[in-house]
$ cat coords14.cif   # mmCIF, C-alpha atoms, pLDDT in the B column; chains and numbers go by the auth columns
data_target
loop_
_atom_site.group_PDB
_atom_site.id
_atom_site.type_symbol
_atom_site.label_atom_id
_atom_site.label_comp_id
_atom_site.label_asym_id
_atom_site.label_seq_id
_atom_site.Cartn_x
_atom_site.Cartn_y
_atom_site.Cartn_z
_atom_site.B_iso_or_equiv
_atom_site.auth_seq_id
_atom_site.auth_asym_id
ATOM 1 C CA MET A 1 30.942 -71.789 -6.987 50.00 1 A
ATOM 2 C CA GLN A 2 27.797 -71.562 -4.865 68.00 2 A
ATOM 3 C CA THR A 3 27.032 -73.719 -1.927 71.00 3 A
ATOM 4 C CA ARG A 4 23.536 -74.397 -0.702 82.00 4 A
ATOM 5 C CA ASN A 5 23.211 -73.768 2.974 85.00 5 A
ATOM 6 C CA PRO A 6 19.701 -74.537 4.265 86.00 6 A
ATOM 7 C CA LEU A 7 20.135 -72.111 7.152 87.00 7 A
ATOM 8 C CA LEU A 8 20.897 -69.200 4.806 87.00 8 A
ATOM 9 C CA ASP A 9 18.031 -70.210 2.498 88.00 9 A
ATOM 10 C CA GLU A 10 15.585 -70.140 5.400 89.00 10 A
ATOM 11 C CA PHE A 11 16.945 -66.817 6.595 89.00 11 A
ATOM 12 C CA ALA A 12 16.522 -65.319 3.095 90.00 12 A
ATOM 13 C CA LYS A 13 12.944 -66.609 2.908 91.00 13 A
ATOM 14 C CA LEU A 14 12.211 -65.206 6.360 92.00 14 A
ATOM 15 C CA THR A 15 13.554 -61.739 5.534 93.00 15 A
ATOM 16 C CA THR A 16 11.712 -61.695 2.191 93.00 16 A
ATOM 17 C CA GLY A 17 8.479 -62.574 3.970 92.00 17 A
ATOM 18 C CA ALA A 18 9.101 -59.955 6.644 93.00 18 A
ATOM 19 C CA MET A 19 9.695 -57.262 4.024 94.00 19 A
ATOM 20 C CA GLY A 20 6.478 -58.221 2.234 93.00 20 A
ATOM 21 C CA LEU A 21 4.584 -58.118 5.521 93.00 21 A
ATOM 22 C CA ALA A 22 6.048 -54.718 6.417 94.00 22 A
ATOM 23 C CA GLN A 23 5.133 -53.333 3.004 94.00 23 A
ATOM 24 C CA ALA A 24 1.560 -54.651 3.286 95.00 24 A
ATOM 25 C CA ALA A 25 1.251 -53.234 6.805 95.00 25 A
ATOM 26 C CA GLY A 26 2.465 -49.847 5.565 94.00 26 A
ATOM 27 C CA GLU A 27 -0.122 -49.814 2.777 95.00 27 A
ATOM 28 C CA GLU A 28 -2.850 -50.811 5.243 96.00 28 A
ATOM 29 C CA ALA A 29 -1.824 -48.036 7.635 96.00 29 A
ATOM 30 C CA LYS A 30 -1.836 -45.496 4.798 96.00 30 A
ATOM 31 C CA THR A 31 -5.322 -46.602 3.722 96.00 31 A
ATOM 32 C CA ALA A 32 -6.646 -46.421 7.284 96.00 32 A
ATOM 33 C CA PHE A 33 -5.134 -42.971 7.828 96.00 33 A
ATOM 34 C CA ARG A 34 -6.586 -41.683 4.568 96.00 34 A
ATOM 35 C CA ALA A 35 -10.050 -43.003 5.462 96.00 35 A
ATOM 36 C CA GLN A 36 -9.858 -41.373 8.911 96.00 36 A
ATOM 37 C CA ALA A 37 -8.736 -38.066 7.383 93.00 37 A
ATOM 38 C CA ASP A 38 -11.618 -38.183 4.868 90.00 38 A
ATOM 39 C CA ARG A 39 -14.116 -38.747 7.698 92.00 39 A
ATOM 40 C CA PHE A 40 -12.591 -35.892 9.695 91.00 40 A
ATOM 41 C CA VAL A 41 -12.805 -33.465 6.771 85.00 41 A
ATOM 42 C CA ALA A 42 -16.393 -34.525 6.011 85.00 42 A
ATOM 43 C CA ASP A 43 -17.387 -33.846 9.625 89.00 43 A
ATOM 44 C CA MET A 44 -15.846 -30.345 9.511 89.00 44 A
ATOM 45 C CA ASP A 45 -18.306 -29.221 6.779 82.00 45 A
ATOM 46 C CA LEU A 46 -15.675 -27.437 4.692 84.00 46 A
ATOM 47 C CA VAL A 47 -16.422 -25.706 1.383 86.00 47 A
ATOM 48 C CA ARG A 48 -14.968 -26.940 -1.869 89.00 48 A
ATOM 49 C CA ARG A 49 -12.458 -24.809 -3.762 93.00 49 A
ATOM 50 C CA ASP A 50 -14.773 -24.117 -6.708 95.00 50 A
ATOM 51 C CA GLU A 51 -17.528 -22.879 -4.376 95.00 51 A
ATOM 52 C CA PHE A 52 -15.017 -20.617 -2.620 95.00 52 A
ATOM 53 C CA ASP A 53 -13.770 -19.158 -5.906 97.00 53 A
ATOM 54 C CA ALA A 54 -17.331 -18.518 -7.141 97.00 54 A
ATOM 55 C CA LEU A 55 -18.235 -16.721 -3.911 96.00 55 A
ATOM 56 C CA LYS A 56 -15.014 -14.702 -4.043 97.00 56 A
ATOM 57 C CA ALA A 57 -15.798 -13.540 -7.599 97.00 57 A
ATOM 58 C CA GLU A 58 -19.353 -12.617 -6.597 97.00 58 A
ATOM 59 C CA ILE A 59 -18.109 -10.563 -3.647 97.00 59 A
ATOM 60 C CA ALA A 60 -15.601 -8.742 -5.881 97.00 60 A
ATOM 61 C CA ALA A 61 -18.403 -7.866 -8.326 97.00 61 A
ATOM 62 C CA LEU A 62 -20.604 -6.620 -5.490 97.00 62 A
ATOM 63 C CA ARG A 63 -17.782 -4.468 -4.099 97.00 63 A
ATOM 64 C CA ALA A 64 -17.260 -2.914 -7.530 95.00 64 A
ATOM 65 C CA GLU A 65 -20.986 -2.217 -7.795 95.00 65 A
ATOM 66 C CA VAL A 66 -21.069 -0.603 -4.351 94.00 66 A
ATOM 67 C CA ALA A 67 -18.055 1.551 -5.226 93.00 67 A
ATOM 68 C CA ALA A 68 -19.761 2.644 -8.450 92.00 68 A
ATOM 69 C CA LEU A 69 -22.915 3.544 -6.544 91.00 69 A
ATOM 70 C CA LYS A 70 -20.972 5.488 -3.908 89.00 70 A
ATOM 71 C CA ALA A 71 -18.963 7.507 -6.443 86.00 71 A
ATOM 72 C CA PRO A 72 -21.748 10.015 -7.340 79.00 72 A
ATOM 73 C CA ALA A 73 -22.714 10.390 -3.683 73.00 73 A
ATOM 74 C CA ARG A 74 -19.193 11.491 -2.767 73.00 74 A
ATOM 75 C CA SER A 75 -19.184 14.457 -5.147 67.00 75 A
ATOM 76 C CA PRO A 76 -22.659 16.041 -5.168 56.00 76 A
ATOM 77 C CA ALA A 77 -21.294 19.485 -6.167 55.00 77 A
ATOM 78 C CA LYS A 78 -20.414 18.183 -9.615 55.00 78 A
ATOM 79 C CA THR A 79 -23.848 16.774 -10.360 52.00 79 A
ATOM 80 C CA VAL A 80 -26.177 19.310 -8.652 55.00 80 A
ATOM 81 C CA LYS A 81 -25.666 23.019 -9.322 61.00 81 A
ATOM 82 C CA LYS A 82 -26.585 25.386 -6.522 62.00 82 A
ATOM 83 C CA PRO A 83 -28.336 28.592 -7.520 61.00 83 A
ATOM 84 C CA ALA A 84 -26.364 31.799 -7.253 64.00 84 A
ATOM 85 C CA THR A 85 -26.959 33.990 -4.207 67.00 85 A
ATOM 86 C CA GLY A 86 -29.834 36.451 -4.586 62.00 86 A
ATOM 87 C CA THR A 87 -31.550 34.794 -7.534 60.00 87 A
ATOM 88 C CA SER A 88 -34.361 33.209 -5.569 60.00 88 A
ATOM 89 C CA THR A 89 -37.847 33.969 -6.902 62.00 89 A
ATOM 90 C CA ALA A 90 -39.654 32.763 -3.805 62.00 90 A
ATOM 91 C CA GLY A 91 -40.297 36.294 -2.483 61.00 91 A
ATOM 92 C CA SER A 92 -41.473 37.972 -5.697 65.00 92 A
ATOM 93 C CA PRO A 93 -44.759 37.295 -7.508 63.00 93 A
ATOM 94 C CA PRO A 94 -44.577 35.440 -10.776 63.00 94 A
ATOM 95 C CA GLN A 95 -44.519 37.663 -13.810 68.00 95 A
ATOM 96 C CA ASP A 96 -47.099 37.231 -16.506 66.00 96 A
ATOM 97 C CA ALA A 97 -46.711 37.891 -20.202 64.00 97 A
ATOM 98 C CA ALA A 98 -48.117 41.421 -19.851 65.00 98 A
ATOM 99 C CA GLY A 99 -45.429 42.233 -17.432 52.00 99 A
#

$ encode --input "coords14.cif" --output "structure tokens"
Amino acid sequence: MQTRNPLLDEFAKLTTGAMGLAQAAGEEAKTAFRAQADRFVADMDLVRRDEFDALKAEIAALRAEVAALKAPARSPAKTVKKPATGTSTAGSPPQDAAG
């Protein structure tokens, strides 16, 4: 059996209203914080993730290209053959067909 006590009814209404007010205030605070954070990030001039990834891939490709270009320069003995000692023709006159 339930009894109706006006004091308890008013207290229940008051606490329900207070909980609704607290929930609304929490949502308002979250919205204000998010807006402030968005303004802060916009002022910092940060790059987006997709721009960062594209630049990172481009740098990796350039590093590979530089490494490929440096590879022949590191081992010139393999690509250019030096003449043997004593085979220079700079001191002797060129020979003609008659000999």

$ atom_distance --input "coords14.cif" --atom1 "CA of Phe33 (chain A)" --atom2 "CA of Asp45 (chain A)"
19.1 Å

$ atom_distance --input "coords14.cif" --atom1 "CA of Thr16 (chain A)" --atom2 "CA of Thr31 (chain A)"
22.8 Å

$ axis_aligned_box --input "coords14.cif" --around "region 58-67 of chain A" --padding-each-side "8 Å" --output "AutoDock Vina command-line options"
--center_x -18.3 --center_y -5.5 --center_z -6.0 --size_x 21.5 --size_y 30.2 --size_z 20.7

$ atom_distance --input "coords14.cif" --atom1 "CA of Leu8 (chain A)" --atom2 "CA of Gly20 (chain A)"
18.3 Å

$ decode --input "coords14.cif" --residues "region 8-55 of chain A" --atoms "N, CA and C atoms" --output "compact mmCIF listing (two decimals), in the first residue's frame"
# COMPACT_ATOMS: atom_id res chain seq x y z
N LEU A 8 7.53 14.20 0.11
CA LEU A 8 8.35 13.28 -0.66
C LEU A 8 8.15 13.50 -2.16
N ASP A 9 6.93 13.81 -2.59
CA ASP A 9 6.68 14.09 -4.00
C ASP A 9 7.47 15.32 -4.46
N GLU A 10 7.48 16.34 -3.67
CA GLU A 10 8.22 17.56 -4.01
C GLU A 10 9.73 17.30 -4.03
N PHE A 11 10.19 16.49 -3.08
CA PHE A 11 11.61 16.16 -3.04
C PHE A 11 12.00 15.35 -4.28
N ALA A 12 11.17 14.42 -4.71
CA ALA A 12 11.44 13.62 -5.90
C ALA A 12 11.47 14.52 -7.14
N LYS A 13 10.54 15.45 -7.24
CA LYS A 13 10.51 16.37 -8.37
C LYS A 13 11.76 17.26 -8.38
N LEU A 14 12.17 17.70 -7.19
CA LEU A 14 13.35 18.55 -7.08
C LEU A 14 14.60 17.80 -7.50
N THR A 15 14.78 16.57 -7.05
CA THR A 15 15.97 15.81 -7.42
C THR A 15 15.96 15.45 -8.91
N THR A 16 14.79 15.15 -9.46
CA THR A 16 14.70 14.87 -10.90
C THR A 16 15.09 16.10 -11.71
N GLY A 17 14.61 17.25 -11.29
CA GLY A 17 14.97 18.50 -11.97
C GLY A 17 16.46 18.81 -11.84
N ALA A 18 17.01 18.55 -10.67
CA ALA A 18 18.43 18.81 -10.45
C ALA A 18 19.30 17.89 -11.32
N MET A 19 18.89 16.64 -11.45
CA MET A 19 19.64 15.71 -12.29
C MET A 19 19.56 16.13 -13.76
N GLY A 20 18.41 16.58 -14.20
CA GLY A 20 18.27 17.06 -15.58
C GLY A 20 19.12 18.29 -15.82
N LEU A 21 19.16 19.19 -14.84
CA LEU A 21 19.97 20.40 -14.94
C LEU A 21 21.46 20.05 -14.96
N ALA A 22 21.87 19.11 -14.13
CA ALA A 22 23.28 18.71 -14.10
C ALA A 22 23.69 18.05 -15.42
N GLN A 23 22.80 17.24 -15.97
CA GLN A 23 23.10 16.60 -17.25
C GLN A 23 23.20 17.64 -18.37
N ALA A 24 22.30 18.61 -18.39
CA ALA A 24 22.35 19.66 -19.41
C ALA A 24 23.60 20.51 -19.25
N ALA A 25 23.98 20.80 -18.00
CA ALA A 25 25.19 21.59 -17.77
C ALA A 25 26.43 20.82 -18.22
N GLY A 26 26.44 19.52 -18.00
CA GLY A 26 27.57 18.70 -18.45
C GLY A 26 27.69 18.70 -19.97
N GLU A 27 26.57 18.58 -20.66
CA GLU A 27 26.59 18.61 -22.12
C GLU A 27 27.05 19.98 -22.63
N GLU A 28 26.61 21.03 -21.98
CA GLU A 28 27.02 22.39 -22.36
C GLU A 28 28.52 22.59 -22.14
N ALA A 29 29.03 22.09 -21.03
CA ALA A 29 30.46 22.20 -20.76
C ALA A 29 31.27 21.41 -21.79
N LYS A 30 30.80 20.22 -22.15
CA LYS A 30 31.49 19.42 -23.15
C LYS A 30 31.51 20.13 -24.50
N THR A 31 30.40 20.74 -24.88
CA THR A 31 30.33 21.46 -26.15
C THR A 31 31.26 22.67 -26.14
N ALA A 32 31.29 23.40 -25.04
CA ALA A 32 32.16 24.57 -24.94
C ALA A 32 33.63 24.16 -24.98
N PHE A 33 33.98 23.09 -24.29
CA PHE A 33 35.36 22.60 -24.30
C PHE A 33 35.78 22.15 -25.69
N ARG A 34 34.89 21.46 -26.38
CA ARG A 34 35.20 20.98 -27.72
C ARG A 34 35.40 22.16 -28.69
N ALA A 35 34.57 23.19 -28.56
CA ALA A 35 34.71 24.36 -29.42
C ALA A 35 36.03 25.08 -29.14
N GLN A 36 36.40 25.20 -27.86
CA GLN A 36 37.67 25.84 -27.50
C GLN A 36 38.86 25.02 -28.02
N ALA A 37 38.78 23.71 -27.91
CA ALA A 37 39.86 22.85 -28.41
C ALA A 37 39.99 22.97 -29.93
N ASP A 38 38.86 23.03 -30.65
CA ASP A 38 38.90 23.20 -32.10
C ASP A 38 39.55 24.52 -32.48
N ARG A 39 39.23 25.58 -31.76
CA ARG A 39 39.85 26.89 -32.04
C ARG A 39 41.35 26.85 -31.76
N PHE A 40 41.74 26.18 -30.70
CA PHE A 40 43.15 26.08 -30.33
C PHE A 40 43.93 25.33 -31.40
N VAL A 41 43.39 24.22 -31.87
CA VAL A 41 44.05 23.42 -32.90
C VAL A 41 44.12 24.20 -34.22
N ALA A 42 43.07 24.93 -34.56
CA ALA A 42 43.08 25.72 -35.79
C ALA A 42 44.13 26.82 -35.73
N ASP A 43 44.35 27.40 -34.57
CA ASP A 43 45.36 28.45 -34.42
C ASP A 43 46.78 27.89 -34.49
N MET A 44 46.97 26.60 -34.19
CA MET A 44 48.31 26.02 -34.18
C MET A 44 48.81 25.71 -35.58
N ASP A 45 47.94 25.73 -36.60
CA ASP A 45 48.32 25.48 -37.98
C ASP A 45 48.97 24.10 -38.13
N LEU A 46 48.28 23.07 -37.68
CA LEU A 46 48.78 21.71 -37.77
C LEU A 46 48.45 21.11 -39.14
N VAL A 47 49.21 20.10 -39.55
CA VAL A 47 48.93 19.42 -40.81
C VAL A 47 47.97 18.27 -40.56
N ARG A 48 47.20 17.95 -41.59
CA ARG A 48 46.28 16.83 -41.48
C ARG A 48 47.04 15.53 -41.69
N ARG A 49 46.48 14.43 -41.25
CA ARG A 49 47.14 13.13 -41.31
C ARG A 49 47.42 12.71 -42.75
N ASP A 50 46.46 12.94 -43.66
CA ASP A 50 46.66 12.52 -45.04
C ASP A 50 47.79 13.31 -45.71
N GLU A 51 47.93 14.59 -45.38
CA GLU A 51 49.03 15.38 -45.91
C GLU A 51 50.37 14.87 -45.38
N PHE A 52 50.39 14.52 -44.11
CA PHE A 52 51.61 13.98 -43.48
C PHE A 52 52.02 12.67 -44.14
N ASP A 53 51.05 11.78 -44.36
CA ASP A 53 51.36 10.49 -44.97
C ASP A 53 51.86 10.65 -46.40
N ALA A 54 51.26 11.59 -47.16
CA ALA A 54 51.70 11.82 -48.54
C ALA A 54 53.13 12.34 -48.56
N LEU A 55 53.44 13.27 -47.67
CA LEU A 55 54.80 13.82 -47.60
C LEU A 55 55.80 12.75 -47.17
